[in-house]
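Worksheet: one structure, shown below.
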Amino acid sequence: MTTTQIPAGLETPSDKPKRWDFSRDAVTPGRLTAWGAELACASALVAPLADIPWEAGAAAGVVCTGAAVIYEKAKGSWRRVMVARASSWLATTGWLSYALATRPTLLTMVIGVSTWAAGAAVNISMDKWGETTREAEKEFHRRLAQGEEIAKAQEGWAKLLYDICGIEGAVADPIVDKWPSGAGETVKITLPSHMNIEALKGYEAELAGALHLPKGGGVAFSAGGADIPRNVVFIAITRKNLMAGAIPYPNLSPSTVNKPIGFGRIGNGSEASLNLKDEGALAVGAQGSGKTALMKTIGLGYIRCDDGILWDMDTSAKMSAPFINPYLRHGIGVPLVDWPATTADECELMVLAARAIISARKTYYADLLEDENVDNLPARPDLPAILIRVDETKSMSDAAAEGLDWIIEEGRSVNVRVMNTGLRATRDFVTASMDELMPGRIGLRTNNASELQMLFPDHGAPDMAVFTDPGTVVYMSTTKGPFQPTPAKAYATMPDPFPEGSPEWQRMVDLFADAARQLSPLRPLLDEVSANAAGLAYEQRWARVIPNLRAGPSGQMTADRVHESVWELYQTWPAPIPASVLLHPEVDEDGNEVSYSGGAATIPRLSETVLDDDALERAAAQDAAIELAKTKVAPKSNDQLAVELFASLGRPVKPSEVYPLMVKAGYDKSERTFRDLCARLSLQNKVVKGDDGTYAAVECGEVPNAAGRVPGDEDDPDGRGDAAHQ
C-alpha cells in the first residue's frame, strides 16, 4: 500500500511524510525550544568537569538562534515572533558563554536555570502566539479577499443593471441567499430611492441572457413583503433547467382548504400553491401546454381536503375521468368529484344549483357569521367549501358563462369559488368578471407572448424561454402572493413521463386508485342547507351523469360499462328528471312553473347523520361486532363476520352495503372478492340470495335472531312453505 492509500491518522512514523525542517506533527516549536534550553543548561552544569572553551558555547548558541529564525520564517510567523525567539536563544547563549569562561558557581547556575526557565516560557508563549497570529493573519487576508470579491460582485451588478436596464447607482447586498435545491440564488438589490420594482419589469430575458442562464432557467423579480422598502428588489436567479423532466405528485396526505393548495415546485425548492378558498384562479395556455394535467394536479390537492367539495364543468370529460373512474369502473370508494357535468345542460344546471346554494348560505348562515364574528363563512367538514373547475370557458353556453360571472362576484363570502381555464386570454375565453375578480393567475405556454401579457397586464409577459416542457407554468396571486409572476413546474399525475417499470411510473399508474381508497373516507357531504337549496338538480345528479359518462355505443347504460356494485345501485334509482326539463320547467294553466319531485339518486355512505334511530341501533351493533372481531383472541373468520353483519341489518341487503362494514373490521379484499364470498356463503346455507340480488342471513342457530331468508315463489301469504328455496 502506498502512502497515498493509507487512511489519514493511521500512518506509522516511517509512513508519515518528512518535512524539510525535520519536525513532526507531535513535535511543536515550543517543545524544540524547551529541548534547546535544557541542552544549554546541561552544558553549563558539566562545564567545570570539562575543559570546554567558551567560544564553542557561543558558536552553538548562534547556530541555534539561526535555526530558530529560519524555522519561524518557514512557518510564516510574524517578524515580532522571530525577534522574540532569536532574543531568547541569544540570552541563553550569552549566559552559557559566560559560564564556560569563568567556571560556574552556585549563584551562576541559579542564574542559568532562571535564564533557561524564562527562555522556555518565552519560547512556548511565542509558539502559541505565533499560531494565533498566523490564524488571525489568514482570516484577515481571507476577509480582505472576500471583500474584494464582494466589491467586484457589487460592481458587476451595478454595471449589469446600468447596461441592461439603464439604472445607475444600484447596490447589491453582499449576502447572497443560496437555494437549498442548489438550482440558483436570490440577490437583494437596493435601487436608487426614487425607483421600485417597476423599473426592472420587462428585462427578465435580457438579464437572463447576460447571466448566461440556460433555457428553463431565468430571472424573476420580487418586491418582498410589506415591511420591505419600495426601492428594494429581490432577483431570483434560476441557473439550472428545472422545467425539464417531470416531478411526481408527492403524496396523498389529508389537508384542508384553509391552507394553500400545492400544485408544483419553484426553483428554490418551495411548493407552488394558491389559496383556492379565498380566491379564484385563472389558467391560460395553448393546446398541449398541460392545462388539463395542471387541473388534475390541482384537483388532487383539493380532494385531499376534508372540508372541500369539487364540482367539474368539463364537456370533454378528460379532467373528471381519473377522479370518478376508480368508482365507476372498479367500485373503489366513492367518486372523488362530487358532481361532474359533461353536457351543456348539466353545466347550466350546476350553475343554477351553485347560485341557489350561494343565496341560501347567505341567508341561513348569517347568524353563524355574527356569532363567530367573521365576514366570510368558515370552511369545515360539516360546511364544506365548493370549488367549481371549468375546463375551457368558451365551450360553455352563454347562460353558463353569465352564471359563472355571478358566482365569481357573489360566492366568495360563502366559500363557492371558480377556477377556470382558457386557450387564450381574450374576451372570447375569459370574461371581464373573470379577468377582474380572479386574483390567482397561472400562465402556461402560449403561441403568442401577448397572451401572457394580457394575463399579467401589470407585470408584462414572462420570459418565454422558461416554457421548455408541458407543465411549465408562471403563476402569481395579487392577494396572497407571490405578487409577481413566478416560474414553477407542475406535478405530474400520469405515468407517461417516467421510465416504464420505475417506482415513479408504478406510483403514477396507481395514483388515482390509491386516492379513491385513501381519500374516500375523508370526502365530506354537502351541508343540508346547500343540498336542499340545490334540490333535484343535486339529488339526482348521479342518475343523470353516469349515463353521460359511461353509456355504450347505443347511448344506453349497460351492466358491462360499470362495476357490478355501481350497476346494482343504478338499477335501484328512480328515473331522474332530465336536466333540460329542470332548466326549462313547464307552465301550468295559471302560468306558474310546474314543480318536480322524485327520489334521490345518491351514492350511500355510512354516516350517522343520515340514519334513523333504528339504524343507529343497528350501526352500534355492527360496531360492537366489528370491535369484537378485531379484539377477540381467536378472531372471527371473514365468513362468520359477514353472516353476522348481514343479520345485523335486519333486512335483505346488497353486498355493497355490507362491504364497507367488512373493510372497517379489517377486511382487505376487493368488493368483487367479497361478492364471491357472499356467493359461497349462499351455497353453505348461511345466507340466501334473492332474485333481486339481495342477501339475507338464514334463521338458524348460528345467528341468533337473524333476519329470515328472502321470500321466494314457493312461499304463500299465510306462512313459509316447505319447498326448498331455489
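Labeling convention for the C-alpha cells: chains A, B, ... as they appear, residues from 1 per chain, ligands from 1 in order of appearance.
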
Sel. of helix (DSSP H, G or I) residues, region 188-229 of chain A, as a PyMOL selection string:
chain A and resi 197-199+204-210

Please produce, as a Markdown table, a per-residue contact table for region 403-471 of chain A versus region 210-229 of chain A (criterion: any atom at most 8 Å away, only C-alpha atoms considered), showing the nearest atom pair and its distance in Å to one decimal, sorted by chain then residue number.
| residue | atom | partner | partner_atom | distance |
| --- | --- | --- | --- | --- |
| A:Asp463 | CA | A:Gly218 | CA | 7.5 |
| A:Ala465 | CA | A:Lys215 | CA | 5.4 |
| A:Val466 | CA | A:Gly216 | CA | 4.1 |
| A:Phe467 | CA | A:Gly216 | CA | 6.6 |
| A:Thr468 | CA | A:Gly216 | CA | 5.9 |

What is the CA of Asp367 (chain A)-CA of Ile309 (chain A) distance in Å, reported with one decimal?
23.1 Å

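Shortest atom-to-atom contact with Phe646 (chain A) among A:Thr602, A:Ser114, A:Ser565, A:Thr694: A:Thr694, counting only C-alpha atoms.
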
Determine the nearest neighbour of Gln540 (chain A) from the options A:Pro585, A:Pro384, A:Thr493, A:Trp339, counting only C-alpha atoms.
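Smallest separation from Gln540 (chain A) among the options: A:Trp339.
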
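If only C-alpha atoms are the atoms counted, then among A:Ala679, A:Ala244, A:Met508, A:Val473 the closest residue to Arg445 (chain A) is A:Val473.
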
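Closest to Val643 (chain A) among A:Leu294, A:Met464, A:Ile386, A:Ala696 is A:Ala696, based on only C-alpha atoms.
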
For CA of Trp311 (chain A) and CA of Leu328 (chain A), determine how far apart the two atoms are, in Å to one decimal place.
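Going from CA of Trp311 (chain A) over to CA of Leu328 (chain A), I get 16.7 Å.
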
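Among the candidates A:Lys201, A:Arg389, A:Arg441, A:His563, the residue lying nearest to Met350 (chain A) is A:Arg389 (atoms considered: only C-alpha atoms).
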
Rounded to one decimal place, report the CA of Pro497 (chain A)-CA of Leu300 (chain A) distance in Å.
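Those two atoms sit 18.1 Å apart.
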
Contacts of Glu528 (chain A) at 10 Å or less, counting only C-alpha atoms, minus same-chain residues fewer than 5 places along, as an mmCIF file with all heavy atoms, in the first residue's frame?
data_model
loop_
_atom_site.group_PDB
_atom_site.id
_atom_site.type_symbol
_atom_site.label_atom_id
_atom_site.label_comp_id
_atom_site.auth_asym_id
_atom_site.auth_seq_id
_atom_site.Cartn_x
_atom_site.Cartn_y
_atom_site.Cartn_z
ATOM 1 N N ASP A 382 -68.354 19.795 8.100
ATOM 2 C CA ASP A 382 -69.815 19.834 8.067
ATOM 3 C C ASP A 382 -70.352 21.022 7.280
ATOM 4 O O ASP A 382 -71.560 21.144 7.078
ATOM 5 C CB ASP A 382 -70.378 19.871 9.493
ATOM 6 C CG ASP A 382 -69.956 21.125 10.242
ATOM 7 O OD1 ASP A 382 -68.859 21.653 9.942
ATOM 8 O OD2 ASP A 382 -70.714 21.591 11.110
ATOM 9 N N LEU A 383 -69.477 21.883 6.806
ATOM 10 C CA LEU A 383 -69.871 23.038 5.999
ATOM 11 C C LEU A 383 -68.792 23.261 4.941
ATOM 12 O O LEU A 383 -68.037 24.233 4.978
ATOM 13 C CB LEU A 383 -70.022 24.273 6.893
ATOM 14 C CG LEU A 383 -70.593 25.552 6.263
ATOM 15 C CD1 LEU A 383 -71.898 25.281 5.562
ATOM 16 C CD2 LEU A 383 -70.755 26.628 7.315
ATOM 17 N N ALA A 533 -81.221 23.542 -1.038
ATOM 18 C CA ALA A 533 -81.326 24.664 -1.971
ATOM 19 C C ALA A 533 -81.098 24.204 -3.408
ATOM 20 O O ALA A 533 -81.755 24.678 -4.340
ATOM 21 C CB ALA A 533 -80.324 25.751 -1.598
ATOM 22 N N ALA A 534 -80.173 23.269 -3.605
ATOM 23 C CA ALA A 534 -79.878 22.777 -4.956
ATOM 24 C C ALA A 534 -80.986 21.876 -5.492
ATOM 25 O O ALA A 534 -81.149 21.746 -6.709
ATOM 26 C CB ALA A 534 -78.548 22.040 -4.960
#
